[in-house]
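**Q** Pasting in a structure now, in structure tokens, and then I'll have a few things to ask.
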Amino acid sequence: MKQEAPYVCTVKDQEDLKYLQDTLYVISGKWRPQVMVAIYNGNHRYREIAKSIPGITFKMLSKELKEMEMNKLVLREQDPDFPKTVTYNLTEYCASLYPLIQTMVKWAKSHREALK
């Protein structure tokens with residue numbers, strides 16, 4: 001008797017694969033998840049974010065924040081007063097990624113166990 005797989009893959013065509021690639025593009029990279037976590041943990045100013053991520057350069061942080069803003073994951077708010085204060089906040093849209101990220105972390109933990 002053939003045992004049924006516990007998971008069913010619903011990705012069946014190239015269009016679905018394009019959507020998957022879009023998702024991976026938006027959340028992938030060495031720094032993007034770390035930037036999200038830094039902001040989530042209360043680091044809203046540029047230098048605060050940079051200090052909370054060991055090894056990131058200002059150039060790379062700037063690039064990541066711009067791409068995250070373009071993808072509607074981060075909201076950049078600039079105070080019009082002098083001195084100008086810029087803060088970054090995660091959007092509600094970004095919060096929709098949390099279940100996906102939690103699932104990916106859970107999978108990665110089990111993957112490391114499987115490799116032992």
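For the structure tokens, the naming scheme is as follows: chains receive sequential letters (A, B, ...) according to their order of presentation, residues are indexed from 1 within each chain, and ligands are indexed from 1 in presentation order.
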Neighbours of A:Arg47 within 12 Å (only C-alpha atoms; same-chain residues fewer than 2 positions away dropped), as a PyMOL selection string?

**A** chain A and resi 35+38-39+43-45+49-53+56-58+61-62+85-88

**Q** Can you tell me how far atom CA of A:Pro33 sits from atom CA of A:Lys63, in Å to one decimal?

**A**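 Separation between atom CA of A:Pro33 and atom CA of A:Lys63: 13.6 Å.
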
**Q** Just the strand (DSSP E) stuff from chain A, please, per backbone DSSP, written as a list in words.

**A**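 Everything in chain A that counts as strand (DSSP E) is Val74, Leu75, Arg76, Glu77, Gln78, Val86, Thr87, Tyr88, Asn89 and Leu90 of chain A.
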
**Q** Using only C-alpha atoms, which protein or nucleic acid residues come within 12 Å of A:Tyr98? Drop anything in the same chain fewer than 6 positions from it, and give the result as number ranges by chain.

**A** A: 27, 33, 36-37, 40, 73, 90-92, 104-105

**Q** Now that the selection is made, can you save its residues with N, CA, C and O atoms as a PDB file, in the first residue's frame?

**A**
ATOM      1  N   ILE A  27      11.806  38.915   0.241  1.00  0.00           N
ATOM      2  CA  ILE A  27      12.267  38.610   1.598  1.00  0.00           C
ATOM      3  C   ILE A  27      13.689  38.076   1.673  1.00  0.00           C
ATOM      4  O   ILE A  27      14.208  37.861   2.764  1.00  0.00           O
ATOM      5  N   PRO A  33      16.048  40.262   6.289  1.00  0.00           N
ATOM      6  CA  PRO A  33      15.385  39.779   7.506  1.00  0.00           C
ATOM      7  C   PRO A  33      15.932  40.439   8.782  1.00  0.00           C
ATOM      8  O   PRO A  33      15.175  40.738   9.705  1.00  0.00           O
ATOM      9  N   MET A  36      14.395  43.863   9.115  1.00  0.00           N
ATOM     10  CA  MET A  36      13.015  43.734   9.584  1.00  0.00           C
ATOM     11  C   MET A  36      12.978  43.492  11.090  1.00  0.00           C
ATOM     12  O   MET A  36      12.205  44.124  11.811  1.00  0.00           O
ATOM     13  N   VAL A  37      13.822  42.596  11.569  1.00  0.00           N
ATOM     14  CA  VAL A  37      13.848  42.274  12.996  1.00  0.00           C
ATOM     15  C   VAL A  37      14.327  43.478  13.810  1.00  0.00           C
ATOM     16  O   VAL A  37      13.781  43.771  14.878  1.00  0.00           O
ATOM     17  N   TYR A  40      11.458  45.865  13.966  1.00  0.00           N
ATOM     18  CA  TYR A  40      10.424  45.242  14.802  1.00  0.00           C
ATOM     19  C   TYR A  40      10.776  45.361  16.282  1.00  0.00           C
ATOM     20  O   TYR A  40       9.899  45.565  17.124  1.00  0.00           O
ATOM     21  N   LEU A  73       7.239  47.405   2.458  1.00  0.00           N
ATOM     22  CA  LEU A  73       7.479  46.717   3.721  1.00  0.00           C
ATOM     23  C   LEU A  73       7.843  47.703   4.824  1.00  0.00           C
ATOM     24  O   LEU A  73       7.614  47.441   5.999  1.00  0.00           O
ATOM     25  N   LEU A  90       7.810  49.362  10.187  1.00  0.00           N
ATOM     26  CA  LEU A  90       7.279  48.281   9.357  1.00  0.00           C
ATOM     27  C   LEU A  90       5.808  48.574   9.071  1.00  0.00           C
ATOM     28  O   LEU A  90       5.090  49.088   9.926  1.00  0.00           O
ATOM     29  N   THR A  91       5.371  48.252   7.888  1.00  0.00           N
ATOM     30  CA  THR A  91       3.984  48.490   7.492  1.00  0.00           C
ATOM     31  C   THR A  91       3.096  47.318   7.902  1.00  0.00           C
ATOM     32  O   THR A  91       3.587  46.237   8.232  1.00  0.00           O
ATOM     33  N   GLU A  92       1.803  47.541   7.868  1.00  0.00           N
ATOM     34  CA  GLU A  92       0.848  46.448   8.096  1.00  0.00           C
ATOM     35  C   GLU A  92       1.047  45.359   7.045  1.00  0.00           C
ATOM     36  O   GLU A  92       0.917  44.175   7.324  1.00  0.00           O
ATOM     37  N   MET A 104       9.018  29.437   7.871  1.00  0.00           N
ATOM     38  CA  MET A 104      10.352  29.199   7.337  1.00  0.00           C
ATOM     39  C   MET A 104      11.355  28.897   8.451  1.00  0.00           C
ATOM     40  O   MET A 104      12.214  28.019   8.306  1.00  0.00           O
ATOM     41  N   VAL A 105      11.252  29.599   9.576  1.00  0.00           N
ATOM     42  CA  VAL A 105      12.135  29.332  10.719  1.00  0.00           C
ATOM     43  C   VAL A 105      11.890  27.923  11.254  1.00  0.00           C
ATOM     44  O   VAL A 105      12.835  27.172  11.524  1.00  0.00           O
TER      45      VAL A 105
END

**Q** Report as number ranges by chain: the residues of stretch 6-86 of chain A with a DSSP assignment of alpha helix (DSSP H), based on the backbone of this structure.

**A** A: 14-27, 32-40, 46-51, 58-70

**Q** Now that the selection is made, can you save its residues with N, CA and C atoms as a CSV table (one decimal), in the first residue's frame?

**A**
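Result file is result_3.csv:
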chain,number,residue,atom,x,y,z
A,14,GLN,N,4.1,27.5,-14.4
A,14,GLN,CA,5.2,28.6,-14.4
A,14,GLN,C,4.7,29.9,-13.8
A,15,GLU,N,3.4,30.1,-13.9
A,15,GLU,CA,2.8,31.4,-13.2
A,15,GLU,C,3.0,31.3,-11.7
A,16,ASP,N,2.7,30.2,-11.1
A,16,ASP,CA,2.8,30.0,-9.7
A,16,ASP,C,4.3,30.1,-9.3
A,17,LEU,N,5.2,29.6,-10.1
A,17,LEU,CA,6.6,29.7,-9.8
A,17,LEU,C,7.1,31.1,-9.9
A,18,LYS,N,6.5,32.0,-10.8
A,18,LYS,CA,6.8,33.4,-10.8
A,18,LYS,C,6.4,34.1,-9.5
A,19,TYR,N,5.3,33.7,-9.0
A,19,TYR,CA,4.8,34.3,-7.7
A,19,TYR,C,5.8,33.9,-6.6
A,20,LEU,N,6.2,32.6,-6.6
A,20,LEU,CA,7.1,32.2,-5.6
A,20,LEU,C,8.4,32.9,-5.7
A,21,GLN,N,8.9,33.1,-6.9
A,21,GLN,CA,10.2,33.9,-7.1
A,21,GLN,C,10.0,35.3,-6.6
A,22,ASP,N,8.8,35.9,-6.8
A,22,ASP,CA,8.6,37.3,-6.3
A,22,ASP,C,8.7,37.3,-4.8
A,23,THR,N,8.1,36.3,-4.2
A,23,THR,CA,8.2,36.3,-2.7
A,23,THR,C,9.6,36.2,-2.2
A,24,LEU,N,10.3,35.3,-2.8
A,24,LEU,CA,11.7,35.1,-2.4
A,24,LEU,C,12.6,36.3,-2.7
A,25,TYR,N,12.3,37.0,-3.8
A,25,TYR,CA,13.0,38.3,-4.0
A,25,TYR,C,12.7,39.3,-2.9
A,26,VAL,N,11.5,39.4,-2.5
A,26,VAL,CA,11.1,40.5,-1.5
A,26,VAL,C,11.7,40.2,-0.2
A,27,ILE,N,11.8,38.9,0.2
A,27,ILE,CA,12.3,38.6,1.6
A,27,ILE,C,13.7,38.1,1.7
A,32,ARG,N,18.1,41.7,4.7
A,32,ARG,CA,16.7,42.1,4.8
A,32,ARG,C,16.0,41.6,6.0
A,33,PRO,N,16.0,40.3,6.3
A,33,PRO,CA,15.4,39.8,7.5
A,33,PRO,C,15.9,40.4,8.8
A,34,GLN,N,17.2,40.7,8.8
A,34,GLN,CA,17.8,41.4,10.0
A,34,GLN,C,17.3,42.8,10.1
A,35,VAL,N,17.2,43.5,9.0
A,35,VAL,CA,16.6,44.9,9.1
A,35,VAL,C,15.2,44.8,9.6
A,36,MET,N,14.4,43.9,9.1
A,36,MET,CA,13.0,43.7,9.6
A,36,MET,C,13.0,43.5,11.1
A,37,VAL,N,13.8,42.6,11.6
A,37,VAL,CA,13.8,42.3,13.0
A,37,VAL,C,14.3,43.5,13.8
A,38,ALA,N,15.3,44.2,13.3
A,38,ALA,CA,15.8,45.4,14.0
A,38,ALA,C,14.7,46.4,14.2
A,39,ILE,N,14.0,46.7,13.1
A,39,ILE,CA,12.9,47.7,13.2
A,39,ILE,C,11.8,47.1,14.1
A,40,TYR,N,11.5,45.9,14.0
A,40,TYR,CA,10.4,45.2,14.8
A,40,TYR,C,10.8,45.4,16.3
A,46,TYR,N,17.9,55.4,11.6
A,46,TYR,CA,18.9,54.8,10.7
A,46,TYR,C,20.1,54.3,11.5
A,47,ARG,N,20.7,55.1,12.3
A,47,ARG,CA,21.9,54.7,13.1
A,47,ARG,C,21.5,53.6,14.1
A,48,GLU,N,20.3,53.7,14.7
A,48,GLU,CA,19.9,52.6,15.6
A,48,GLU,C,19.8,51.2,14.9
A,49,ILE,N,19.3,51.3,13.7
A,49,ILE,CA,19.1,50.0,12.9
A,49,ILE,C,20.6,49.5,12.6
A,50,ALA,N,21.4,50.4,12.1
A,50,ALA,CA,22.8,50.0,11.7
A,50,ALA,C,23.5,49.4,12.9
A,51,LYS,N,23.4,50.1,14.1
A,51,LYS,CA,24.1,49.6,15.3
A,51,LYS,C,23.6,48.2,15.7
A,58,PHE,N,26.7,51.1,6.0
A,58,PHE,CA,25.7,52.1,5.8
A,58,PHE,C,25.2,52.1,4.3
A,59,LYS,N,26.0,51.8,3.4
A,59,LYS,CA,25.6,51.7,2.0
A,59,LYS,C,24.6,50.6,1.8
A,60,MET,N,24.9,49.4,2.4
A,60,MET,CA,24.0,48.3,2.3
A,60,MET,C,22.7,48.5,3.0
A,61,LEU,N,22.8,49.1,4.2
A,61,LEU,CA,21.5,49.4,4.9
A,61,LEU,C,20.6,50.4,4.1
A,62,SER,N,21.3,51.4,3.5
A,62,SER,CA,20.5,52.3,2.7
A,62,SER,C,19.8,51.6,1.5
A,63,LYS,N,20.6,50.7,0.9
A,63,LYS,CA,20.0,50.0,-0.3
A,63,LYS,C,18.9,49.1,0.2
A,64,GLU,N,19.0,48.4,1.3
A,64,GLU,CA,18.0,47.5,1.8
A,64,GLU,C,16.7,48.3,2.2
A,65,LEU,N,16.9,49.4,2.9
A,65,LEU,CA,15.7,50.2,3.3
A,65,LEU,C,15.0,50.8,2.1
A,66,LYS,N,15.7,51.2,1.0
A,66,LYS,CA,15.1,51.7,-0.2
A,66,LYS,C,14.3,50.6,-0.9
A,67,GLU,N,14.9,49.4,-1.0
A,67,GLU,CA,14.1,48.3,-1.6
A,67,GLU,C,12.9,47.9,-0.8
A,68,MET,N,13.1,47.9,0.5
A,68,MET,CA,12.0,47.5,1.4
A,68,MET,C,10.9,48.6,1.3
A,69,GLU,N,11.2,49.9,1.2
A,69,GLU,CA,10.2,50.9,1.0
A,69,GLU,C,9.5,50.8,-0.3
A,70,MET,N,10.3,50.4,-1.4
A,70,MET,CA,9.7,50.2,-2.7
A,70,MET,C,8.7,49.1,-2.7

**Q** Just give me the gap between atom CA of A:Trp107 and atom CA of A:Asp13 in Å, one decimal is fine.

**A**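 Here the two named atoms are 23.7 Å from each other.
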
**Q** In Å, how far is it from atom CA of A:Gln78 to atom CA of A:Ile101?

**A** 28.7 Å
